[in-house]
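Inspection log for the structure reproduced underneath, given as structure tokens.
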There are 2 protein chains.
Amino acid sequence: MTSTVSIPSVRAYAAHAPDSGLAPWQYEPRDPRPDDVAIEILYCGVCHTDIHFVENDWGMTLYPVVPGHEIIGRVTAAGPEVTRFKPGDIVGVGCMVDSCRECSNCRDGLEQYCDQGSVFTYNGIDRPTGRVTYGGYSERIQVKEAFVVSVPDKLEPASAAPILCAGITTYSPLRHVGVKPGDRVGVVGMGGLGHMGIKFARAMGAEVTLFTRTEAKVEEGKRNGAEHVVVSSDVEEMEKAAGSLHYILDTAPVEHDLNPYIACLRVDGTYLLVGQLTPLNPPINPVPLLMGRRSLMGSLIGGMSETQEVLDFCAEYQ
Amino acid sequence: MTSTVSIPSVRAYAAHAPDSGLAPWQYEPRDPRPDDVAIEILYCGVCHTDIHFVENDWGMTLYPVVPGHEIIGRVTAAGPEVTRFKPGDIVGVGCMVDSCRECSNCRDGLEQYCDQGSVFTYNGIDRPTGRVTYGGYSERIQVKEAFVVSVPDKLEPASAAPILCAGITTYSPLRHVGVKPGDRVGVVGMGGLGHMGIKFARAMGAEVTLFTRTEAKVEEGKRNGAEHVVVSSDVEEMEKAAGSLHYILDTAPVEHDLNPYIACLRVDGTYLLVGQLTPLNPPINPVPLLMGRRSLMGSLIGGMSETQEVLDFCAEYQ
């Protein structure tokens, strides 16, 4: 009889098929590496993407899938090469756990656009082992130090979780285009991303207009910092907003007509698309783009240094 | 019997209906104003837009229409308020002859995006008189000084004409995004705009790739300065170009699928749309925009100071 080191299984919630829902499941973790941070998970946000993966809406789910990429936890162990974290630290893990770290995008801090593709926190493929990655609906996780962020003391850990996906997704494009005091920013949609977008744009000094389809969200928008709320089904209100905004952050995750919103941009205005992955139908009318040098730009989460930045920003401006 | 000052009629070519073609016609010019430059027209470029207006393709032609907005001429008289021109000067008039000159866009040198709409050289409405404007297929024209540009001595006047529309249309967006040595720029289409786009991008130091549908244009593209020519119907060649370009200038004036070209942009790349005015069909796939922070930007001609700049640039780099 030989004795072996026993690495305990990880207890998690997994879906096994599009209609199975989530149920308790256990998996054997990969072997720890010298640059790994071992994390006991305290909180994990529920992102709409998790539901897409559970239900295989994008046809790319590798079952069993353990969702969760808005992870807040406590460090339990740090590999010998880890320099920034020690047991007891409160840390976060977002949408990525690895990238090539060598391509020009990685070197520019844009790991989410890694030439070789970044490794997602769940439903990704761990490069060294070829194993599927499992996410934060789980009791613990081990993550390469470079993809772990520090949660500032001033942030309440449970509230910090959604910043790791919804937060960085909205913060990054607003920062990238340089939203500043005096700018007028529109936010389309008042869901998980939209309410963060309003708060960030406001914190950056902008005057914020929320576009929502539902009257019921007018008050919620104002409570979250929108100075103006336009009910987008109201043609007259939409026409009044024409040509008024420097930027529009569109967080709506479903197919919708962008044209009435694009008309609300000023000359040189930029439309920031972060939520929709299906073809832009009805088709974009290029005339308002040409007649005012307007842009349509996409953006995907943010890099690791910017993910740390947004946590620090939230700690400062909460 | 009273004597009146006789202002001679202007002889021009006009279309009177979508299917009439152009024929000699005469019109009475408006009264001269103190800031007018009177110009004897020497050359006028033929822009595709002229044909669109003659045939009422955009449903907005005011007949009779005298096309022509790539005008080169000699100053014959200058009003008392004119300071920059004198009789004998060789000058140019492009797509605009007036704007409000007071809105923020006009003050920023973006008269083409004037809040009140700029007055086009033909088929526009002259603000003080309410009269339709008539273009350069004509023997003379009188234009507000601020909308007249100086043709540098080093430029051959006949060759300079197309710079006033095709030239500024391609120069302005390339300048606006800051094309610089080392950048890789794609140009879609090898027509009037495309060949200028290639030359400008090359003169700005970029490595240029022409995309054309026709094998026959490969040599023409290279002769004009394209280092690479991709025949866009060749799927393999298109795939090889994927993710390689900082900017793409799309000059194609007809409905076409932008998606295969957008795939050729690098992360943070910008797609510059200057030719197409019909809805973007097939619909734009937003995934490459999101997965690489790529942008789609429109651009319309350029402002007056930039129109002078492009003439000076051409004189220097010809």
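Chain lettering (A, B, ...) mirrors the order of the structure tokens, residue numbering begins at 1 for each chain separately, and ligand numbering begins at 1 in order of display.
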Using only C-alpha atoms, select each residue of chain B with any atom at most 7 Å away from an atom of chain A, and give the selection as a list in words.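 Residues passing the distance filter: Tyr113, Val274, Leu277, Thr278, Pro279, Leu280, Asn281, Pro283, Ile284, Asn285, Pro286, Val287, Leu289, Leu290, Met291, Gly292, Arg293, Arg294, Ser295, Leu296, Met297, Gly298, Ser299 and Leu300 of chain B.
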Restricting it to C-alpha atoms, dump the selection as a PDB file, in the first residue's frame.
```
ATOM      1  CA  TYR B 113     -20.617  69.773 -39.933  1.00  0.00           C
ATOM      2  CA  VAL B 274     -16.376  57.799 -46.591  1.00  0.00           C
ATOM      3  CA  LEU B 277     -24.567  56.295 -47.819  1.00  0.00           C
ATOM      4  CA  THR B 278     -26.909  53.286 -47.859  1.00  0.00           C
ATOM      5  CA  PRO B 279     -27.608  51.140 -44.769  1.00  0.00           C
ATOM      6  CA  LEU B 280     -24.785  48.807 -43.781  1.00  0.00           C
ATOM      7  CA  ASN B 281     -26.152  45.585 -45.179  1.00  0.00           C
ATOM      8  CA  PRO B 283     -25.471  43.861 -40.900  1.00  0.00           C
ATOM      9  CA  ILE B 284     -22.264  44.613 -39.033  1.00  0.00           C
ATOM     10  CA  ASN B 285     -21.133  41.793 -36.756  1.00  0.00           C
ATOM     11  CA  PRO B 286     -20.248  43.548 -33.487  1.00  0.00           C
ATOM     12  CA  VAL B 287     -18.069  40.689 -32.178  1.00  0.00           C
ATOM     13  CA  LEU B 289     -15.564  45.379 -32.644  1.00  0.00           C
ATOM     14  CA  LEU B 290     -15.954  44.194 -29.054  1.00  0.00           C
ATOM     15  CA  MET B 291     -13.166  41.602 -29.178  1.00  0.00           C
ATOM     16  CA  GLY B 292     -10.557  44.179 -30.188  1.00  0.00           C
ATOM     17  CA  ARG B 293     -11.906  47.641 -29.345  1.00  0.00           C
ATOM     18  CA  ARG B 294     -12.236  48.302 -33.054  1.00  0.00           C
ATOM     19  CA  SER B 295     -14.100  51.362 -34.336  1.00  0.00           C
ATOM     20  CA  LEU B 296     -16.186  52.274 -37.321  1.00  0.00           C
ATOM     21  CA  MET B 297     -16.040  56.012 -38.070  1.00  0.00           C
ATOM     22  CA  GLY B 298     -17.633  58.102 -40.784  1.00  0.00           C
ATOM     23  CA  SER B 299     -16.149  61.208 -42.344  1.00  0.00           C
ATOM     24  CA  LEU B 300     -17.427  63.847 -44.752  1.00  0.00           C
TER      25      LEU B 300
END
```
In Å, how far is it from atom CA of B:Arg84 to atom CA of B:Leu155?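 According to the coordinates, atom CA of B:Arg84 and atom CA of B:Leu155 are separated by 18.7 Å.
Checking A:Ala12, A:Val97, A:Ala252, A:Ile168 one by one against A:Thr133, counting only C-alpha atoms, you find the shortest gap at A:Val97.
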Would you compute the distance between atom CA of A:Gly135 and atom CA of A:Cys103? Give it in Å to one decimal.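 Atom CA of A:Gly135 sits 25.4 Å away from atom CA of A:Cys103.
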Within 8 Å of A:Glu111 using only C-alpha atoms, minus same-chain residues under 6 positions, as a list in words: Ser99, Arg101, Asn105, Ser118, Gly302, Gly303 and Met304 of chain A
Pick out the residues sitting within 9 Å of stretch 74-83 of chain B, and hand them over as a VMD selection string; count only C-alpha atoms, and ignore anything fewer than 3 positions along from it in its own chain. chain B and resid 32 to 42 86 to 92 144 to 145
Save out the residues we just selected, N, CA and C atoms, as a short mmCIF file (atom, residue, chain, number, x, y, z; two decimals), in the first residue's frame.
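File produced: result.cif:
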```cif
data_model
loop_
_atom_site.label_atom_id
_atom_site.label_comp_id
_atom_site.auth_asym_id
_atom_site.auth_seq_id
_atom_site.Cartn_x
_atom_site.Cartn_y
_atom_site.Cartn_z
N PRO B 32 -23.37 90.63 -56.50
CA PRO B 32 -22.13 90.43 -55.76
C PRO B 32 -22.19 91.05 -54.37
N ARG B 33 -21.43 90.44 -53.43
CA ARG B 33 -21.40 90.93 -52.04
C ARG B 33 -19.98 91.39 -51.71
N PRO B 34 -19.84 92.16 -50.66
CA PRO B 34 -18.50 92.74 -50.35
C PRO B 34 -17.42 91.70 -50.07
N ASP B 35 -17.84 90.49 -49.61
CA ASP B 35 -16.82 89.48 -49.31
C ASP B 35 -16.76 88.41 -50.41
N ASP B 36 -17.28 88.73 -51.57
CA ASP B 36 -17.27 87.77 -52.68
C ASP B 36 -15.96 87.83 -53.47
N VAL B 37 -15.55 86.64 -53.90
CA VAL B 37 -14.47 86.52 -54.87
C VAL B 37 -15.12 86.08 -56.18
N ALA B 38 -14.91 86.86 -57.25
CA ALA B 38 -15.46 86.47 -58.56
C ALA B 38 -14.41 85.66 -59.30
N ILE B 39 -14.81 84.51 -59.81
CA ILE B 39 -13.85 83.54 -60.35
C ILE B 39 -14.26 83.13 -61.77
N GLU B 40 -13.27 83.22 -62.68
CA GLU B 40 -13.44 82.63 -64.01
C GLU B 40 -13.01 81.16 -63.90
N ILE B 41 -13.91 80.25 -64.21
CA ILE B 41 -13.61 78.82 -64.00
C ILE B 41 -12.74 78.29 -65.14
N LEU B 42 -11.60 77.69 -64.75
CA LEU B 42 -10.68 77.11 -65.74
C LEU B 42 -10.89 75.61 -65.90
N LYS B 86 -6.63 88.47 -54.99
CA LYS B 86 -6.67 89.61 -55.91
C LYS B 86 -6.83 89.07 -57.32
N PRO B 87 -7.28 89.91 -58.25
CA PRO B 87 -7.44 89.42 -59.62
C PRO B 87 -6.17 88.76 -60.14
N GLY B 88 -6.34 87.63 -60.82
CA GLY B 88 -5.21 86.90 -61.38
C GLY B 88 -4.81 85.68 -60.55
N ASP B 89 -5.17 85.66 -59.27
CA ASP B 89 -4.83 84.52 -58.42
C ASP B 89 -5.53 83.25 -58.91
N ILE B 90 -4.80 82.13 -58.81
CA ILE B 90 -5.43 80.84 -59.12
C ILE B 90 -5.98 80.26 -57.81
N VAL B 91 -7.27 79.98 -57.83
CA VAL B 91 -7.95 79.57 -56.59
C VAL B 91 -8.81 78.33 -56.83
N GLY B 92 -9.27 77.77 -55.73
CA GLY B 92 -10.14 76.61 -55.79
C GLY B 92 -11.41 76.80 -54.97
N LYS B 144 -18.01 83.42 -51.39
CA LYS B 144 -17.53 84.08 -50.18
C LYS B 144 -16.06 83.72 -49.94
N GLU B 145 -15.25 84.70 -49.67
CA GLU B 145 -13.81 84.51 -49.52
C GLU B 145 -13.43 83.34 -48.61
#
```
Which neighbours of A:His195 fall inside 10 Å, counting only C-alpha atoms, when residues of the same chain fewer than 4 positions from it are skipped, and could you give them as a ChimeraX atom specification? /A:166-167,170,187-191,199-200,210,220-221,223-226,251
I need the residues of stretch 124-275 of chain A that end up classed as strand (DSSP E or B) by DSSP on the backbone, written out as a PyMOL selection string. chain A and resi 125+132+138+140-144+149-150+184-188+207-212+228-231+245-250+265-273
DSSP on the backbone: which residues in stretch 66-224 of chain B end up as helix (DSSP H, G or I)? Give the answer as a ChimeraX atom specification. /B:104-107,111-113,145-147,157-164,166-177,192-203,215-223
Distance atom CA of B:Ser172-atom CA of B:Asp108, one decimal place?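 Pair atom CA of B:Ser172 / atom CA of B:Asp108 returns 14.1 Å.
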I'd like the neighbourhood of A:Val151 as a PyMOL selection string, where a residue qualifies if any of its atoms comes within 12 Å (using only C-alpha atoms), though same-chain residues fewer than 3 positions away should be ignored. chain A and resi 71-75+85+88-94+148+154-161+163-164+307-315
Expected file contents, prior selection, C-alpha atoms, as a short mmCIF file (atom, residue, chain, number, x, y, z; two decimals), in the first residue's frame:
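Generated file (selection.cif):
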```
data_model
loop_
_atom_site.label_atom_id
_atom_site.label_comp_id
_atom_site.auth_asym_id
_atom_site.auth_seq_id
_atom_site.Cartn_x
_atom_site.Cartn_y
_atom_site.Cartn_z
CA ILE A 71 -15.10 36.40 -7.58
CA ILE A 72 -14.14 37.87 -4.21
CA GLY A 73 -12.18 35.73 -1.81
CA ARG A 74 -9.53 35.42 0.86
CA VAL A 75 -6.03 34.21 0.07
CA PHE A 85 -0.34 38.55 -1.99
CA GLY A 88 -5.57 36.60 4.61
CA ASP A 89 -5.60 39.22 1.82
CA ILE A 90 -8.98 39.97 0.29
CA VAL A 91 -8.65 39.61 -3.48
CA GLY A 92 -10.67 39.49 -6.66
CA VAL A 93 -10.70 37.39 -9.82
CA GLY A 94 -12.55 38.58 -12.88
CA VAL A 148 -5.56 38.37 -9.22
CA LYS A 154 -12.51 50.67 1.87
CA LEU A 155 -14.64 48.45 -0.38
CA GLU A 156 -17.25 46.15 1.12
CA PRO A 157 -16.21 42.75 -0.34
CA ALA A 158 -19.69 41.53 -1.36
CA SER A 159 -20.41 44.79 -3.21
CA ALA A 160 -17.06 44.65 -4.96
CA ALA A 161 -17.81 41.41 -6.84
CA ILE A 163 -17.04 45.44 -10.41
CA LEU A 164 -14.91 42.58 -11.73
CA THR A 307 -9.28 46.02 -13.39
CA GLN A 308 -7.18 46.97 -10.38
CA GLU A 309 -7.70 50.64 -11.30
CA VAL A 310 -11.48 50.34 -11.34
CA LEU A 311 -11.51 48.75 -7.88
CA ASP A 312 -9.34 51.57 -6.57
CA PHE A 313 -11.56 54.12 -8.34
CA CYS A 314 -14.67 52.63 -6.72
CA ALA A 315 -13.01 52.68 -3.30
#
```
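Minimum distance to A:Thr61 across A:Ser150, A:Thr49, A:Ser233, A:Thr169 (counting only C-alpha atoms) occurs at A:Thr49.
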Within 8 Å of A:Ser232 using only C-alpha atoms, minus same-chain residues under 5 positions, as an MDAnalysis selection string: chainID A and resid 211:213 237:238
